[in-house]
file run28.cif (mmCIF, C-alpha atoms)
data_target
loop_
_atom_site.label_atom_id
_atom_site.label_comp_id
_atom_site.auth_asym_id
_atom_site.auth_seq_id
_atom_site.Cartn_x
_atom_site.Cartn_y
_atom_site.Cartn_z
CA MET A 1 -6.79 -24.61 0.39
CA ARG A 2 -4.07 -24.68 -2.24
CA VAL A 3 -1.13 -22.27 -2.17
CA VAL A 4 0.42 -21.15 -5.47
CA VAL A 5 3.74 -19.36 -5.01
CA ASN A 6 5.53 -17.35 -7.67
CA ALA A 7 8.99 -18.45 -6.56
CA ARG A 8 10.72 -16.36 -9.22
CA ALA A 9 9.17 -13.16 -7.88
CA LEU A 10 10.24 -14.00 -4.32
CA LYS A 11 13.81 -14.72 -5.38
CA ARG A 12 13.87 -11.54 -7.44
CA GLY A 13 12.74 -9.52 -4.43
CA GLU A 14 15.41 -11.10 -2.23
CA ARG A 15 18.11 -10.38 -4.81
CA ILE A 16 17.05 -6.73 -5.16
CA GLY A 17 17.12 -6.34 -1.37
CA LEU A 18 20.63 -7.81 -1.29
CA VAL A 19 21.79 -5.38 -3.97
CA TYR A 20 20.51 -2.47 -1.89
CA LEU A 21 22.28 -3.86 1.18
CA VAL A 22 25.60 -4.16 -0.64
CA GLY A 23 25.17 -0.66 -2.05
CA ALA A 24 24.39 0.81 1.37
CA THR A 25 27.36 -0.91 2.98
CA THR A 26 29.67 0.23 0.18
CA CYS A 27 28.53 3.84 0.51
CA LEU A 28 28.77 3.95 4.29
CA VAL A 29 32.11 2.18 4.60
CA GLY A 30 33.64 3.45 1.37
CA GLY A 31 32.59 7.00 2.11
CA PHE A 32 34.49 6.90 5.40
CA PHE A 33 37.74 5.82 3.76
CA VAL A 34 37.35 8.24 0.86
CA SER A 35 36.74 11.20 3.15
CA TYR A 36 39.64 10.13 5.39
CA SER A 37 42.01 10.13 2.42
CA LEU A 38 41.08 13.66 1.35
CA THR A 39 43.11 16.60 2.57
CA ASP A 40 40.71 19.46 1.84
CA LEU A 41 38.29 19.88 4.73
CA GLY A 42 35.39 21.09 2.58
CA THR A 43 35.73 18.23 0.11
CA GLN A 44 36.07 15.81 2.99
CA TYR A 45 32.85 17.13 4.54
CA LEU A 46 30.93 16.89 1.26
CA ALA A 47 32.14 13.34 0.62
CA SER A 48 31.15 12.25 4.12
CA ILE A 49 27.67 13.79 4.03
CA GLY A 50 26.99 12.64 0.46
CA SER A 51 27.99 9.03 1.11
CA LEU A 52 26.03 9.02 4.37
CA ILE A 53 22.82 10.28 2.75
CA LEU A 54 23.09 7.87 -0.17
CA GLY A 55 23.98 4.98 2.14
CA LEU A 56 21.00 5.61 4.41
CA PHE A 57 18.68 5.86 1.41
CA LEU A 58 19.90 2.52 0.06
CA TRP A 59 19.61 1.04 3.54
CA SER A 60 15.98 2.15 3.79
CA ARG A 61 15.25 0.50 0.43
CA ASN A 62 16.86 -2.69 1.68
CA GLN A 63 14.65 -2.59 4.77
CA ALA A 64 11.54 -2.16 2.62
CA TYR A 65 12.41 -5.25 0.55
CA LEU A 66 13.38 -7.19 3.66
CA LEU A 67 10.04 -6.47 5.31
CA ARG A 68 8.21 -7.49 2.15
CA TRP A 69 10.20 -10.50 0.97
CA GLY A 70 12.46 -11.53 3.89
CA ARG A 71 11.72 -15.00 5.26
CA GLN A 72 11.18 -13.65 8.78
CA TRP A 73 8.51 -11.16 7.71
CA ARG A 74 6.69 -12.89 4.86
CA GLN A 75 3.01 -13.27 5.70
CA ASP A 76 1.98 -16.08 3.34
CA GLY A 77 2.59 -18.71 6.02
CA LYS A 78 0.15 -17.08 8.43
CA LEU A 79 -2.47 -16.57 5.74
CA ARG A 80 -2.08 -20.19 4.62
CA ASP A 81 -2.53 -21.48 8.16
CA ALA A 82 -5.60 -19.30 8.67
CA LEU A 83 -7.22 -20.62 5.47
CA LYS A 84 -5.98 -24.22 5.48
CA ALA A 85 -9.35 -25.65 6.58
CA LEU A 86 -10.92 -24.55 3.27
CA ASP A 87 -11.13 -27.13 0.48
CA ASP A 88 -9.03 -27.20 -2.69
CA ARG A 89 -11.44 -24.98 -4.60
CA TYR A 90 -9.84 -22.10 -2.73
CA GLN A 91 -6.36 -20.96 -3.74
CA LEU A 92 -3.97 -18.46 -2.20
CA LEU A 93 -1.71 -16.76 -4.75
CA VAL A 94 1.58 -15.48 -3.34
CA ALA A 95 3.36 -12.73 -5.30
CA PRO A 96 1.35 -13.59 -8.41
CA ARG A 97 3.02 -11.06 -10.71
CA ARG A 98 4.38 -7.53 -10.88
CA ARG A 99 1.85 -4.72 -10.37
CA LEU A 100 -0.51 -7.07 -8.55
CA PRO A 101 -0.94 -7.35 -4.77
CA ASP A 102 1.33 -9.74 -2.86
CA PHE A 103 -1.57 -11.96 -1.76
CA VAL A 104 -4.73 -12.82 -3.65
CA ALA A 105 -7.31 -15.45 -2.68
CA VAL A 106 -9.33 -17.04 -5.48
CA GLY A 107 -12.24 -19.44 -5.04
CA PRO A 108 -15.98 -19.89 -5.45
CA MET A 109 -16.47 -16.45 -3.91
CA GLY A 110 -14.40 -14.82 -6.68
CA VAL A 111 -11.24 -12.84 -6.01
CA ILE A 112 -10.15 -11.27 -2.73
CA VAL A 113 -7.13 -8.98 -2.51
CA LEU A 114 -5.57 -9.59 0.91
CA ILE A 115 -3.64 -6.76 2.53
CA ALA A 116 -1.60 -8.33 5.33
CA CYS A 117 -0.65 -5.96 8.18
CA PRO A 118 1.93 -7.47 10.58
CA VAL A 119 1.81 -4.76 13.26
CA ASN A 120 1.24 -5.00 16.99
CA GLY A 121 -0.33 -2.48 19.33
CA ALA A 122 -3.46 -0.39 19.08
CA VAL A 123 -4.75 0.37 15.59
CA GLN A 124 -7.64 2.75 14.91
CA PHE A 125 -9.46 3.99 11.84
CA HIS A 126 -11.76 6.99 12.01
CA ASP A 127 -12.33 10.18 10.03
CA ASN A 128 -10.84 8.36 7.03
CA HIS A 129 -7.42 8.05 8.68
CA TRP A 130 -5.41 5.20 10.20
CA TYR A 131 -3.64 5.59 13.53
CA HIS A 132 -1.13 3.26 15.13
CA ASP A 133 0.13 3.59 18.70
CA ASP A 134 3.72 2.37 18.93
CA THR A 135 4.01 0.68 22.31
CA ARG A 136 7.82 0.90 22.42
CA SER A 137 9.56 3.55 24.47
CA ARG A 138 11.32 6.40 22.69
CA LEU A 139 14.69 5.02 23.82
CA MET A 140 13.88 1.59 22.39
CA ARG A 141 12.80 3.12 19.08
CA TRP A 142 16.13 4.93 18.81
CA LEU A 143 18.13 1.82 19.75
CA LEU A 144 16.30 -0.26 17.14
CA TRP A 145 16.26 2.39 14.43
CA PHE A 146 18.26 0.19 12.07
CA ALA A 147 16.22 -2.95 12.84
CA PRO A 148 13.43 -3.76 10.37
CA ARG A 149 9.96 -3.19 11.73
CA PRO A 150 6.71 -3.12 9.75
CA SER A 151 4.71 0.09 9.71
CA LEU A 152 0.97 0.47 9.31
CA GLY A 153 0.95 2.82 6.35
CA ASN A 154 -2.45 3.21 4.70
CA PRO A 155 -3.89 -0.29 4.23
CA SER A 156 -7.22 0.91 2.84
CA GLN A 157 -5.40 2.82 0.09
CA ASP A 158 -3.25 -0.27 -0.56
CA ALA A 159 -6.44 -2.31 -0.86
CA GLU A 160 -7.98 0.09 -3.38
CA THR A 161 -4.79 0.21 -5.44
CA GLY A 162 -4.43 -3.58 -5.40
CA LEU A 163 -8.06 -4.09 -6.28
CA ALA A 164 -7.84 -1.70 -9.24
CA ALA A 165 -4.73 -3.49 -10.55
CA THR A 166 -6.40 -6.89 -10.17
CA ARG A 167 -9.55 -5.80 -11.97
CA GLU A 168 -7.47 -4.33 -14.79
CA ARG A 169 -5.57 -7.60 -15.16
CA LEU A 170 -8.78 -9.63 -15.26
CA ALA A 171 -10.25 -7.30 -17.86
CA GLN A 172 -7.17 -7.74 -20.02
CA ARG A 173 -6.90 -11.51 -19.77
CA LEU A 174 -10.55 -12.54 -19.35
CA PRO A 175 -12.57 -9.81 -21.07
CA GLU A 176 -15.64 -12.00 -21.61
CA MET A 177 -16.06 -12.98 -17.96
CA ALA A 178 -14.28 -10.19 -16.03
CA GLU A 179 -17.48 -8.27 -15.25
CA ARG A 180 -19.10 -11.23 -13.53
CA ILE A 181 -16.09 -12.14 -11.39
CA PRO A 182 -16.74 -10.81 -7.87
CA THR A 183 -13.70 -8.85 -6.72
CA GLN A 184 -13.18 -7.33 -3.31
CA ALA A 185 -10.46 -6.68 -0.77
CA ALA A 186 -9.83 -7.41 2.90
CA ILE A 187 -7.34 -5.95 5.36
CA VAL A 188 -5.97 -8.68 7.61
CA PHE A 189 -4.02 -7.96 10.79
CA THR A 190 -1.79 -10.99 11.30
CA GLN A 191 -0.16 -10.33 14.67
CA PRO A 192 -1.71 -11.68 17.90
CA LYS A 193 -0.97 -8.56 19.98
CA VAL A 194 -3.00 -6.10 17.95
CA THR A 195 -6.22 -4.40 19.01
CA LEU A 196 -8.54 -2.90 16.42
CA ARG A 197 -11.02 -0.08 16.56
CA VAL A 198 -12.36 0.56 13.08
CA GLU A 199 -15.17 2.99 12.32
CA GLY A 200 -16.38 3.64 8.79
CA CYS A 201 -13.71 1.85 6.77
CA SER A 202 -15.05 0.80 3.37
CA VAL A 203 -12.74 -2.24 3.23
CA PRO A 204 -13.48 -5.21 5.52
CA THR A 205 -10.90 -5.20 8.31
CA LEU A 206 -10.24 -8.49 10.08
CA LEU A 207 -8.10 -10.23 12.62
CA LEU A 208 -6.30 -13.25 11.26
CA LYS A 209 -8.50 -15.66 13.21
CA SER A 210 -11.60 -14.28 11.47
CA LEU A 211 -10.30 -14.61 7.92
CA ARG A 212 -11.45 -18.16 7.15
CA ASN A 213 -14.95 -17.49 8.43
CA HIS A 214 -15.15 -14.31 6.36
CA VAL A 215 -14.05 -16.05 3.16
CA SER A 216 -16.18 -19.16 3.60
CA HIS A 217 -19.39 -17.19 4.16
CA LEU A 218 -19.11 -15.06 1.02
CA PRO A 219 -21.65 -15.87 -1.73
CA LYS A 220 -20.48 -18.52 -4.20
CA ALA A 221 -20.30 -17.28 -7.79
CA LEU A 222 -17.65 -19.27 -9.69
CA LYS A 223 -17.38 -22.87 -10.77
CA GLN A 224 -14.14 -24.84 -10.68
CA ALA A 225 -13.32 -24.30 -14.35
CA GLU A 226 -13.82 -20.56 -13.95
CA ILE A 227 -11.65 -20.53 -10.82
CA ASN A 228 -8.84 -22.19 -12.78
CA GLU A 229 -9.15 -19.60 -15.54
CA VAL A 230 -8.95 -16.76 -13.02
CA VAL A 231 -5.88 -18.24 -11.33
CA GLY A 232 -4.18 -18.74 -14.70
CA SER A 233 -4.85 -15.15 -15.67
CA LEU A 234 -3.39 -13.69 -12.47
CA ILE A 235 -0.26 -15.64 -11.68
CA ASP A 236 2.98 -15.61 -13.62
CA VAL A 237 5.10 -18.67 -12.76
#
call {"tool": "encode", "arguments": {"input": "run28.cif", "output": "structure tokens"}}
result
Amino acid sequence: MRVVVNARALKRGERIGLVYLVGATTCLVGGFFVSYSLTDLGTQYLASIGSLILGLFLWSRNQAYLLRWGRQWRQDGKLRDALKALDDRYQLLVAPRRRLPDFVAVGPMGVIVLIACPVNGAVQFHDNHWYHDDTRSRLMRWLLWFAPRPSLGNPSQDAETGLAATRERLAQRLPEMAERIPTQAAIVFTQPKVTLRVEGCSVPTLLLKSLRNHVSHLPKALKQAEINEVVGSLIDV
């Protein structure tokens, strides 16, 4: 398994997250001093509330980028380790380009959009909805409100969106062969303390330990030259 990393995209994500952090800190701290210096109570109240709301918004954006691009939370290392036994025909693309999913596997089986979910606890899918039981106590959730923590979201919707963007890119760059490139998605839960109960999800949903077996048993459709063309069309380095 080869890993191709778009280092520029990762650095860009880290820089954007840092900008949000600086902005949030400036709003929260600066707003306090500005409101303290004002004499009119109404103006002081508006300045305090306004800077607080804006600061918390910027902080939430920083947390989103941190969970996506921060070194502690990046999932490419776990995906790489899970797939490392595969030969060099298989390639894992990390942050290939804007508007594409964060992780895409390319190989003889075609293209697989990988939606990495780093959550613990009990996860269920039924009646076309995802449910996640947070095992932390209410007190602990309040105490760690400002600490980054991944949320489940809607991974099947993320998979469909990522798959549509990937197919569109292939159609643009490889119009003559796009229709015969197998494309699919997989939702991968990367944490060891997660339990799954999935009923009726249209997207394959896997534990990390099952990923290599899933990928290696898919039908082979592409030759090495075609794999290289697909990788070149998807990644921007």
call {"tool": "resolve_selection", "arguments": {"input": "run28.cif", "expression": "the PyMOL selection byres ((chain A and resi 28) around 12)", "output": "ChimeraX atom specification"}}
result
/A:21-27,29-35,47-59
call {"tool": "closest_residue", "arguments": {"input": "run28.cif", "among": "A:Ala64, A:Val203, A:Leu86, A:Ile187", "to": "A:Ser151", "atoms": "only C-alpha atoms"}}
result
A:Ala64
call {"tool": "atom_distance", "arguments": {"input": "run28.cif", "atom1": "atom CA of A:Val119", "atom2": "atom CA of A:Arg99"}}
result
23.6 Å
call {"tool": "atom_distance", "arguments": {"input": "run28.cif", "atom1": "atom CA of A:Pro219", "atom2": "atom CA of A:Leu79"}}
result
20.6 Å
call {"tool": "residues_around", "arguments": {"input": "run28.cif", "residues": "A:Val215", "least_positions_apart": "3", "cutoff": "9 Å", "atoms": "all atoms listed in the file", "output": "PyMOL selection string"}}
result
chain A and resi 83+105+109+112+210-212+218
call {"tool": "resolve_selection", "arguments": {"input": "run28.cif", "expression": "the PyMOL selection byres ((chain A and resi 14) around 8)", "output": "list in words"}}
result
Leu10, Lys11, Arg12, Gly13, Arg15, Ile16, Gly17, Leu18, Tyr65, Leu66, Trp69 and Gly70 of chain A
call {"tool": "atom_distance", "arguments": {"input": "run28.cif", "atom1": "atom CA of A:His217", "atom2": "atom CA of A:Phe189"}}
result
19.1 Å
call {"tool": "resolve_selection", "arguments": {"input": "run28.cif", "expression": "the PyMOL selection byres ((chain A and resi 162) around 10)", "output": "list of chain:residue names"}}
result
A:Arg99, A:Leu100, A:Pro101, A:Asp102, A:Phe103, A:Val104, A:Ile112, A:Val113, A:Leu114, A:Ile115, A:Ser156, A:Gln157, A:Asp158, A:Ala159, A:Glu160, A:Thr161, A:Leu163, A:Ala164, A:Ala165, A:Thr166, A:Arg167, A:Glu168, A:Gln184, A:Ala185
call {"tool": "residues_around", "arguments": {"input": "run28.cif", "residues": "A:Lys220", "least_positions_apart": "2", "cutoff": "10 Å", "atoms": "all atoms listed in the file", "output": "PyMOL selection string"}}
result
chain A and resi 107-110+182+216-218+222-223
call {"tool": "decode", "arguments": {"input": "run28.cif", "residues": "stretch 78-92 of chain A", "atoms": "all heavy atoms", "output": "tab-separated table (two decimals), in the first residue's frame"}}
result
chain	number	residue	atom	x	y	z
A	78	LYS	N	-4.23	5.65	10.88
A	78	LYS	CA	-4.96	4.43	11.18
A	78	LYS	C	-5.39	3.71	9.91
A	78	LYS	O	-5.32	2.47	9.84
A	78	LYS	CB	-6.18	4.76	12.05
A	78	LYS	CG	-5.83	5.24	13.45
A	78	LYS	CD	-7.06	5.46	14.29
A	78	LYS	CE	-6.67	5.87	15.70
A	78	LYS	NZ	-7.85	6.06	16.57
A	79	LEU	N	-5.83	4.47	8.93
A	79	LEU	CA	-6.21	3.84	7.66
A	79	LEU	C	-5.00	3.21	6.99
A	79	LEU	O	-5.09	2.11	6.43
A	79	LEU	CB	-6.85	4.88	6.74
A	79	LEU	CG	-8.18	5.49	7.21
A	79	LEU	CD1	-8.61	6.60	6.27
A	79	LEU	CD2	-9.26	4.41	7.30
A	80	ARG	N	-3.86	3.89	7.03
A	80	ARG	CA	-2.63	3.35	6.44
A	80	ARG	C	-2.24	2.04	7.12
A	80	ARG	O	-1.91	1.06	6.45
A	80	ARG	CB	-1.51	4.37	6.58
A	80	ARG	CG	-0.16	3.90	6.02
A	80	ARG	CD	0.95	4.77	6.53
A	80	ARG	NE	1.06	4.67	7.98
A	80	ARG	CZ	1.22	5.73	8.78
A	80	ARG	NH1	1.26	6.96	8.30
A	80	ARG	NH2	1.31	5.55	10.10
A	81	ASP	N	-2.29	2.02	8.45
A	81	ASP	CA	-1.91	0.79	9.16
A	81	ASP	C	-2.87	-0.35	8.85
A	81	ASP	O	-2.45	-1.51	8.77
A	81	ASP	CB	-1.89	1.07	10.68
A	81	ASP	CG	-0.75	1.99	11.09
A	81	ASP	OD1	0.19	2.16	10.28
A	81	ASP	OD2	-0.82	2.55	12.19
A	82	ALA	N	-4.15	-0.03	8.69
A	82	ALA	CA	-5.13	-1.07	8.41
A	82	ALA	C	-4.93	-1.67	7.01
A	82	ALA	O	-5.25	-2.84	6.78
A	82	ALA	CB	-6.54	-0.51	8.54
A	83	LEU	N	-4.40	-0.87	6.09
A	83	LEU	CA	-4.27	-1.31	4.69
A	83	LEU	C	-2.83	-1.65	4.30
A	83	LEU	O	-2.58	-2.00	3.14
A	83	LEU	CB	-4.78	-0.21	3.76
A	83	LEU	CG	-6.27	0.14	3.88
A	83	LEU	CD1	-6.57	1.41	3.08
A	83	LEU	CD2	-7.14	-1.01	3.40
A	84	LYS	N	-1.89	-1.56	5.23
A	84	LYS	CA	-0.48	-1.67	4.86
A	84	LYS	C	-0.09	-3.04	4.30
A	84	LYS	O	0.92	-3.15	3.61
A	84	LYS	CB	0.40	-1.34	6.08
A	84	LYS	CG	0.26	-2.31	7.24
A	84	LYS	CD	1.13	-1.86	8.40
A	84	LYS	CE	1.01	-2.81	9.60
A	84	LYS	NZ	1.85	-2.34	10.74
A	85	ALA	N	-0.87	-4.07	4.58
A	85	ALA	CA	-0.53	-5.40	4.06
A	85	ALA	C	-0.83	-5.54	2.56
A	85	ALA	O	-0.38	-6.49	1.93
A	85	ALA	CB	-1.29	-6.47	4.83
A	86	LEU	N	-1.58	-4.59	1.99
A	86	LEU	CA	-1.87	-4.64	0.56
A	86	LEU	C	-0.63	-4.25	-0.24
A	86	LEU	O	0.23	-3.50	0.24
A	86	LEU	CB	-3.03	-3.70	0.22
A	86	LEU	CG	-4.37	-4.01	0.89
A	86	LEU	CD1	-5.38	-2.92	0.57
A	86	LEU	CD2	-4.89	-5.37	0.47
A	87	ASP	N	-0.53	-4.72	-1.48
A	87	ASP	CA	0.65	-4.42	-2.28
A	87	ASP	C	0.59	-3.01	-2.85
A	87	ASP	O	-0.38	-2.27	-2.63
A	87	ASP	CB	0.83	-5.46	-3.40
A	87	ASP	CG	-0.36	-5.50	-4.35
A	87	ASP	OD1	-0.77	-4.43	-4.84
A	87	ASP	OD2	-0.90	-6.61	-4.59
A	88	ASP	N	1.65	-2.63	-3.60
A	88	ASP	CA	1.78	-1.26	-4.07
A	88	ASP	C	0.82	-0.87	-5.19
A	88	ASP	O	0.82	0.28	-5.63
A	88	ASP	CB	3.23	-1.01	-4.53
A	88	ASP	CG	4.18	-0.86	-3.36
A	88	ASP	OD1	3.69	-0.70	-2.24
A	88	ASP	OD2	5.41	-0.92	-3.58
A	89	ARG	N	0.02	-1.80	-5.66
A	89	ARG	CA	-1.01	-1.43	-6.61
A	89	ARG	C	-2.09	-0.57	-5.94
A	89	ARG	O	-2.78	0.20	-6.60
A	89	ARG	CB	-1.66	-2.67	-7.22
A	89	ARG	CG	-0.75	-3.51	-8.10
A	89	ARG	CD	-1.50	-4.75	-8.57
A	89	ARG	NE	-1.93	-5.57	-7.43
A	89	ARG	CZ	-2.81	-6.57	-7.51
A	89	ARG	NH1	-3.37	-6.86	-8.69
A	89	ARG	NH2	-3.14	-7.27	-6.45
A	90	TYR	N	-2.22	-0.72	-4.64
A	90	TYR	CA	-3.22	0.01	-3.88
A	90	TYR	C	-2.60	1.31	-3.33
A	90	TYR	O	-1.48	1.30	-2.81
A	90	TYR	CB	-3.73	-0.85	-2.72
A	90	TYR	CG	-4.46	-2.10	-3.16
A	90	TYR	CD1	-3.76	-3.26	-3.45
A	90	TYR	CD2	-5.85	-2.10	-3.28
A	90	TYR	CE1	-4.42	-4.41	-3.85
A	90	TYR	CE2	-6.52	-3.26	-3.68
A	90	TYR	CZ	-5.80	-4.40	-3.97
A	90	TYR	OH	-6.45	-5.54	-4.37
A	91	GLN	N	-3.35	2.40	-3.44
A	91	GLN	CA	-2.85	3.69	-2.98
A	91	GLN	C	-3.93	4.39	-2.15
A	91	GLN	O	-5.11	4.37	-2.50
A	91	GLN	CB	-2.45	4.57	-4.15
A	91	GLN	CG	-1.36	3.95	-5.03
A	91	GLN	CD	-0.85	4.90	-6.08
A	91	GLN	OE1	-0.61	6.08	-5.81
A	91	GLN	NE2	-0.67	4.40	-7.30
A	92	LEU	N	-3.49	4.98	-1.05
A	92	LEU	CA	-4.38	5.77	-0.20
A	92	LEU	C	-4.07	7.24	-0.43
A	92	LEU	O	-2.95	7.70	-0.17
A	92	LEU	CB	-4.17	5.41	1.27
A	92	LEU	CG	-4.97	6.25	2.29
A	92	LEU	CD1	-6.46	6.04	2.12
A	92	LEU	CD2	-4.53	5.91	3.72
